[in-house]
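Reviewing the structure listed below.
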Amino acid sequence: MGITIAGFETRRIGVADGVELTAAVGGGRPALVLLHGFPQTHLMWRHVAPILARQHTVVCPDLRGYGASSKPEAVGEDTYAKRTMAADIVRLADALGIDRFALVGHDRGAHVAFRAGLEHSHRISHLGILDIVPTLDTWNVLHGVSAAVAFHLYLMAQPPGLPEQMIANSADAFFGHFLDTWSTGSRMIPADVRSEYLRACRDAVPSIVADYRATATIDIEHDQADLDAGNQLTMPVTVVQQDWGRQLGFDATATWRPWATDLQHVTTQAGHFMAEEAPEDIATLILDLVRR
């Protein structure tokens with residue numbers, strides 16, 4: 001069966017034509033949905049989810065294109081648009097009988113959560129964002145040699161073909177690089193979980209690249225349209241980040257402020273994989289968010 005989150009049931013649920021999401025579900029209402037990042041699966045929430053499940057129904061899906069969820073071929077630019085992936089999450093909630101829910105995303109999942117918050121605000125009561133800036137701002141804050149920290153964004157933004165081939169030919173080295181360099185401790189991601197992350201990513205190279213390619217194309221268009229229209233996140237929003245503003249030379253709180261009417265911005269001493277490094281802290285921040 002593989003690694004699971006203790007006390008959670010694994011379910012596979014259809015969310016679109018030919019697309020099913022695999023999700024771990026546990027706890028009692030009200031509902032919290034947790035979206036994973038790169039290069040991970042829903043298992044990144046294995047420490048946080050049981051804490052939250054003492055008070056909430058907690059749903060931890062693998063995103064479209066990742067883990068055990070469907071990996072449709074990117075037949076158009078919208079297949080892995082965050083708009084499409086956000087709609088998956090709303091339909092997942094529908095299938096589980098969940099009307100309104102708090103949504104928290106890390107890394108790639110945070111981009112999906114951000115888009116869901118803009119387009120499905122009537123469904124999302126609270127929004128938690130872990131360690132990103134919005135897609136449009138991501139490209140704007142990367143410049144000069146400091147942009148090397150995000151070399152993978154530029155690689156996977158290239159037209160189909162070369163990125164997929166290069167990554168597939170050295171998948172474990174590529175994905176393992178991020179697990180190693182973004183970690184702050186060797187025991188934070190144990191060997192069995194690391195092996196599962198690598199296997200899952202190895203099996204999903206085309207869809208992972210398509211997800212990132214969308215971030216350099218259609219996702220920018222959607223963000224720009226919302227910014228031009230003055231659309232904002234109207235629910236309480238908590239953003240938790242490493243101190244990227246200091247590292248890359250921008251004001252992180254000011255970057256987020258135009259997007260959210262009720263914003264709490266927090267920097268953490270934990271590394272990028274904060275839900276695995278500091279699960280109690282992240283669980284507390286999430287619980288504080290849903291009480292707002």
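Identifiers for the structure tokens are assigned positionally: chains receive A, B, ... in sequence, residues are indexed from 1 per chain, and ligands are indexed from 1 in the order shown.
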
Point to revise | Distance query A:His152 at most 12 Å, only C-alpha atoms, self and fewer than 6 positions along chain excluded, as a PyMOL selection string | key: chain A and resi 38-39+158+163-164+166-167+174-175+177-178+208-209+212-213+215-216

Once you have the residues from the selection above, write them out as a compact mmCIF listing (two decimals), in the first residue's frame, restricted to N, CA and C atoms.
# COMPACT_ATOMS: atom_id res chain seq x y z
N PHE A 38 6.22 21.07 -4.55
CA PHE A 38 7.22 20.40 -5.39
C PHE A 38 8.50 20.23 -4.60
N PRO A 39 9.19 19.12 -4.73
CA PRO A 39 8.86 17.91 -5.50
C PRO A 39 8.28 16.85 -4.56
N GLN A 158 10.61 26.36 -20.92
CA GLN A 158 10.95 26.21 -22.33
C GLN A 158 9.89 25.39 -23.06
N PRO A 163 13.11 20.24 -22.01
CA PRO A 163 13.06 20.10 -20.55
C PRO A 163 12.66 18.71 -20.10
N GLU A 164 11.65 18.13 -20.75
CA GLU A 164 11.20 16.80 -20.38
C GLU A 164 12.33 15.78 -20.57
N MET A 166 15.67 16.29 -20.70
CA MET A 166 16.78 16.51 -19.77
C MET A 166 16.44 16.00 -18.37
N ILE A 167 15.23 16.32 -17.90
CA ILE A 167 14.85 15.93 -16.55
C ILE A 167 14.65 14.42 -16.45
N PHE A 174 17.81 15.34 -10.46
CA PHE A 174 17.13 16.63 -10.59
C PHE A 174 16.22 16.88 -9.39
N PHE A 175 15.28 15.98 -9.15
CA PHE A 175 14.33 16.19 -8.06
C PHE A 175 15.03 16.08 -6.69
N HIS A 177 17.96 17.05 -6.02
CA HIS A 177 18.67 18.32 -5.77
C HIS A 177 17.84 19.24 -4.91
N PHE A 178 16.55 19.36 -5.21
CA PHE A 178 15.69 20.28 -4.46
C PHE A 178 15.39 19.74 -3.06
N ILE A 208 4.60 17.41 -14.52
CA ILE A 208 5.24 18.41 -13.67
C ILE A 208 5.78 19.55 -14.51
N VAL A 209 6.43 19.22 -15.63
CA VAL A 209 6.93 20.28 -16.51
C VAL A 209 5.78 21.10 -17.06
N TYR A 212 4.65 23.64 -14.50
CA TYR A 212 5.56 24.78 -14.43
C TYR A 212 5.50 25.64 -15.69
N ARG A 213 5.35 25.01 -16.85
CA ARG A 213 5.26 25.78 -18.09
C ARG A 213 4.05 26.71 -18.07
N THR A 215 2.96 28.18 -15.54
CA THR A 215 3.30 29.30 -14.69
C THR A 215 4.05 30.39 -15.44
N ALA A 216 4.64 30.04 -16.59
CA ALA A 216 5.34 31.03 -17.41
C ALA A 216 4.49 31.52 -18.57

Review point. In stretch 29-174 of chain A, what's strand (DSSP E or B) per DSSP? Answer as JSON, numbers by chain?
Key: {"A": [31, 32, 33, 34, 35, 57, 58, 59, 60, 61, 101, 102, 103, 104, 105, 106, 124, 125, 126, 127, 128, 129, 130]}

Check your understanding: Quick one: residues within 10 Å of A:Gln40, only C-alpha atoms counted, chain neighbours fewer than 2 positions away excluded, as an MDAnalysis selection string?
Key -> chainID A and resid 36:38 42:45 62 66:67 107:108 175 179 193:194 196:198 200:201 273

Practice item. Find the residues around A:Gly128 up to 12 Å (only C-alpha atoms counted), leave out those fewer than 6 positions away in its own chain, and share them as a PyMOL selection string. Key: chain A and resi 32-35+101-107+109-114+116-117+233+235-241+260+262-266+282-290+292

Output file for the selection above: C-alpha atoms, as a compact mmCIF listing (two decimals), in the first residue's frame:
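Final file, selection_3.txt:
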# COMPACT_ATOMS: atom_id res chain seq x y z
CA LEU A 32 -9.55 22.12 5.74
CA VAL A 33 -7.96 21.26 2.38
CA LEU A 34 -4.16 21.06 2.22
CA LEU A 35 -2.31 21.21 -1.12
CA PHE A 101 -13.62 25.16 3.46
CA ALA A 102 -10.32 26.66 4.48
CA LEU A 103 -7.59 26.10 1.90
CA VAL A 104 -3.84 25.97 2.54
CA GLY A 105 -1.22 25.42 -0.13
CA HIS A 106 2.54 25.03 -0.17
CA ASP A 107 4.74 25.87 -3.18
CA GLY A 109 -0.19 23.95 -4.18
CA ALA A 110 -0.03 27.54 -2.99
CA HIS A 111 -0.29 28.78 -6.58
CA VAL A 112 -3.37 26.59 -7.02
CA ALA A 113 -4.80 27.86 -3.72
CA PHE A 114 -4.18 31.48 -4.74
CA ALA A 116 -8.90 29.18 -6.14
CA GLY A 117 -9.17 32.05 -3.67
CA LEU A 233 -8.57 37.80 -2.08
CA MET A 235 -11.14 36.07 2.86
CA PRO A 236 -8.60 36.16 5.72
CA VAL A 237 -5.18 35.30 4.25
CA THR A 238 -2.03 34.16 6.06
CA VAL A 239 1.22 34.05 4.08
CA VAL A 240 4.16 32.22 5.65
CA GLN A 241 7.51 32.58 3.93
CA ALA A 260 -5.38 40.54 -0.12
CA ASP A 262 -7.13 40.89 5.18
CA LEU A 263 -3.48 39.87 5.18
CA GLN A 264 -1.20 38.44 7.84
CA HIS A 265 2.37 38.01 6.55
CA VAL A 266 4.77 35.90 8.62
CA ILE A 282 2.65 25.40 10.83
CA ALA A 283 -0.36 23.66 12.38
CA THR A 284 -0.65 26.47 14.93
CA LEU A 285 -0.51 29.13 12.21
CA ILE A 286 -3.23 27.32 10.28
CA LEU A 287 -5.45 27.00 13.35
CA ASP A 288 -4.90 30.68 14.12
CA LEU A 289 -5.89 31.52 10.55
CA VAL A 290 -9.20 29.65 10.67
CA ARG A 292 -9.89 34.81 12.25

Check your understanding: What residues in stretch 46-115 of chain A get the DSSP label alpha helix (DSSP H)? Please answer as a PyMOL selection string.
Key -> chain A and resi 48-52+82-95+108-115

Generate the output file for the selected residues, N, CA and C atoms, as a PDB file, in the first residue's frame.
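Below you can see result17.pdb, which holds the result:
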ATOM      1  N   VAL A  48       1.439  17.479   9.933  1.00  0.00           N
ATOM      2  CA  VAL A  48       0.501  18.576  10.185  1.00  0.00           C
ATOM      3  C   VAL A  48      -0.940  18.080  10.188  1.00  0.00           C
ATOM      4  N   ALA A  49      -1.298  17.233   9.238  1.00  0.00           N
ATOM      5  CA  ALA A  49      -2.691  16.821   9.067  1.00  0.00           C
ATOM      6  C   ALA A  49      -3.285  16.158  10.305  1.00  0.00           C
ATOM      7  N   PRO A  50      -2.587  15.240  10.971  1.00  0.00           N
ATOM      8  CA  PRO A  50      -3.185  14.634  12.173  1.00  0.00           C
ATOM      9  C   PRO A  50      -3.436  15.637  13.296  1.00  0.00           C
ATOM     10  N   ILE A  51      -2.602  16.660  13.400  1.00  0.00           N
ATOM     11  CA  ILE A  51      -2.840  17.695  14.414  1.00  0.00           C
ATOM     12  C   ILE A  51      -4.132  18.441  14.093  1.00  0.00           C
ATOM     13  N   LEU A  52      -4.284  18.830  12.836  1.00  0.00           N
ATOM     14  CA  LEU A  52      -5.480  19.578  12.421  1.00  0.00           C
ATOM     15  C   LEU A  52      -6.738  18.722  12.498  1.00  0.00           C
ATOM     16  N   LYS A  82      -3.418  26.997 -13.455  1.00  0.00           N
ATOM     17  CA  LYS A  82      -3.852  26.969 -12.061  1.00  0.00           C
ATOM     18  C   LYS A  82      -5.364  27.147 -11.955  1.00  0.00           C
ATOM     19  N   ARG A  83      -5.966  27.786 -12.932  1.00  0.00           N
ATOM     20  CA  ARG A  83      -7.431  27.885 -12.974  1.00  0.00           C
ATOM     21  C   ARG A  83      -8.047  26.493 -13.052  1.00  0.00           C
ATOM     22  N   THR A  84      -7.506  25.646 -13.901  1.00  0.00           N
ATOM     23  CA  THR A  84      -8.003  24.284 -14.053  1.00  0.00           C
ATOM     24  C   THR A  84      -7.754  23.468 -12.796  1.00  0.00           C
ATOM     25  N   MET A  85      -6.552  23.598 -12.237  1.00  0.00           N
ATOM     26  CA  MET A  85      -6.204  22.821 -11.047  1.00  0.00           C
ATOM     27  C   MET A  85      -6.991  23.286  -9.828  1.00  0.00           C
ATOM     28  N   ALA A  86      -7.304  24.580  -9.780  1.00  0.00           N
ATOM     29  CA  ALA A  86      -8.161  25.089  -8.700  1.00  0.00           C
ATOM     30  C   ALA A  86      -9.572  24.530  -8.825  1.00  0.00           C
ATOM     31  N   ALA A  87     -10.080  24.453 -10.046  1.00  0.00           N
ATOM     32  CA  ALA A  87     -11.412  23.876 -10.257  1.00  0.00           C
ATOM     33  C   ALA A  87     -11.452  22.417  -9.814  1.00  0.00           C
ATOM     34  N   ASP A  88     -10.339  21.690 -10.007  1.00  0.00           N
ATOM     35  CA  ASP A  88     -10.258  20.313  -9.503  1.00  0.00           C
ATOM     36  C   ASP A  88     -10.541  20.260  -8.005  1.00  0.00           C
ATOM     37  N   ILE A  89      -9.962  21.197  -7.264  1.00  0.00           N
ATOM     38  CA  ILE A  89     -10.086  21.172  -5.809  1.00  0.00           C
ATOM     39  C   ILE A  89     -11.515  21.484  -5.381  1.00  0.00           C
ATOM     40  N   VAL A  90     -12.158  22.408  -6.053  1.00  0.00           N
ATOM     41  CA  VAL A  90     -13.544  22.728  -5.735  1.00  0.00           C
ATOM     42  C   VAL A  90     -14.445  21.524  -6.026  1.00  0.00           C
ATOM     43  N   ARG A  91     -14.185  20.853  -7.135  1.00  0.00           N
ATOM     44  CA  ARG A  91     -14.992  19.661  -7.464  1.00  0.00           C
ATOM     45  C   ARG A  91     -14.706  18.514  -6.506  1.00  0.00           C
ATOM     46  N   LEU A  92     -13.482  18.430  -6.018  1.00  0.00           N
ATOM     47  CA  LEU A  92     -13.168  17.443  -4.993  1.00  0.00           C
ATOM     48  C   LEU A  92     -13.997  17.710  -3.741  1.00  0.00           C
ATOM     49  N   ALA A  93     -14.065  18.973  -3.339  1.00  0.00           N
ATOM     50  CA  ALA A  93     -14.888  19.340  -2.181  1.00  0.00           C
ATOM     51  C   ALA A  93     -16.354  18.996  -2.436  1.00  0.00           C
ATOM     52  N   ASP A  94     -16.834  19.265  -3.642  1.00  0.00           N
ATOM     53  CA  ASP A  94     -18.212  18.922  -3.993  1.00  0.00           C
ATOM     54  C   ASP A  94     -18.462  17.425  -3.783  1.00  0.00           C
ATOM     55  N   ALA A  95     -17.539  16.622  -4.288  1.00  0.00           N
ATOM     56  CA  ALA A  95     -17.713  15.170  -4.216  1.00  0.00           C
ATOM     57  C   ALA A  95     -17.713  14.674  -2.776  1.00  0.00           C
ATOM     58  N   ARG A 108       3.804  24.699  -5.157  1.00  0.00           N
ATOM     59  CA  ARG A 108       2.884  24.580  -6.300  1.00  0.00           C
ATOM     60  C   ARG A 108       1.431  24.611  -5.828  1.00  0.00           C
ATOM     61  N   GLY A 109       1.166  23.938  -4.717  1.00  0.00           N
ATOM     62  CA  GLY A 109      -0.194  23.949  -4.183  1.00  0.00           C
ATOM     63  C   GLY A 109      -0.636  25.327  -3.758  1.00  0.00           C
ATOM     64  N   ALA A 110       0.320  26.178  -3.370  1.00  0.00           N
ATOM     65  CA  ALA A 110      -0.034  27.543  -2.993  1.00  0.00           C
ATOM     66  C   ALA A 110      -0.460  28.358  -4.207  1.00  0.00           C
ATOM     67  N   HIS A 111       0.150  28.099  -5.361  1.00  0.00           N
ATOM     68  CA  HIS A 111      -0.288  28.782  -6.577  1.00  0.00           C
ATOM     69  C   HIS A 111      -1.711  28.357  -6.949  1.00  0.00           C
ATOM     70  N   VAL A 112      -2.010  27.071  -6.776  1.00  0.00           N
ATOM     71  CA  VAL A 112      -3.368  26.590  -7.017  1.00  0.00           C
ATOM     72  C   VAL A 112      -4.338  27.220  -6.019  1.00  0.00           C
ATOM     73  N   ALA A 113      -3.938  27.275  -4.747  1.00  0.00           N
ATOM     74  CA  ALA A 113      -4.796  27.862  -3.717  1.00  0.00           C
ATOM     75  C   ALA A 113      -5.053  29.337  -3.982  1.00  0.00           C
ATOM     76  N   PHE A 114      -4.037  30.062  -4.410  1.00  0.00           N
ATOM     77  CA  PHE A 114      -4.178  31.479  -4.737  1.00  0.00           C
ATOM     78  C   PHE A 114      -5.226  31.680  -5.831  1.00  0.00           C
ATOM     79  N   ARG A 115      -5.138  30.891  -6.885  1.00  0.00           N
ATOM     80  CA  ARG A 115      -6.107  31.014  -7.983  1.00  0.00           C
ATOM     81  C   ARG A 115      -7.494  30.619  -7.507  1.00  0.00           C
TER      82      ARG A 115
END

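Of the residues listed (A:Ile124, A:Ile5, A:Ala68, A:Val15), A:Ile124 shows the shortest atom-to-atom separation from A:Pro30; distances use only C-alpha atoms.
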
Point to revise | Surrounding residues of A:Thr268 excluding itself and chain neighbours under 4 positions, 10 Å, only C-alpha atoms, as a PyMOL selection string | key: chain A and resi 131+240-243+272+274+278+281-282

Kindly save the residues from that selection, with C-alpha atoms included, as a compact mmCIF listing (two decimals), in the first residue's frame.
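Result went into out27.txt, see below:
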# COMPACT_ATOMS: atom_id res chain seq x y z
CA ASP A 131 6.47 30.09 0.71
CA VAL A 240 4.16 32.22 5.65
CA GLN A 241 7.51 32.58 3.93
CA GLN A 242 11.20 32.27 4.37
CA ASP A 243 12.76 35.72 4.26
CA HIS A 272 11.18 25.68 2.41
CA MET A 274 8.40 24.03 6.69
CA ALA A 278 8.26 22.66 11.89
CA ASP A 281 4.37 25.75 14.19
CA ILE A 282 2.65 25.40 10.83

Point to revise | Contacts of A:Trp244 within 12 Å, only C-alpha atoms, excl. fewer than 4 positions in-chain, as a PyMOL selection string | key: chain A and resi 131-133+138+141-142+146-147+149-150+240+248-253+255+266-269+271-272

Exercise for review: Return the single residue from A:Arg64, A:Leu127, A:Ala275, A:Thr4 that is closest to A:Ala81, with distances computed using only C-alpha atoms.
Suggested key: A:Arg64

Point to revise | A:Ala74 surroundings by only C-alpha atoms, 7 Å radius, close-in-sequence under 5 positions cut, as number ranges by chain | key: A: 79-80, 210
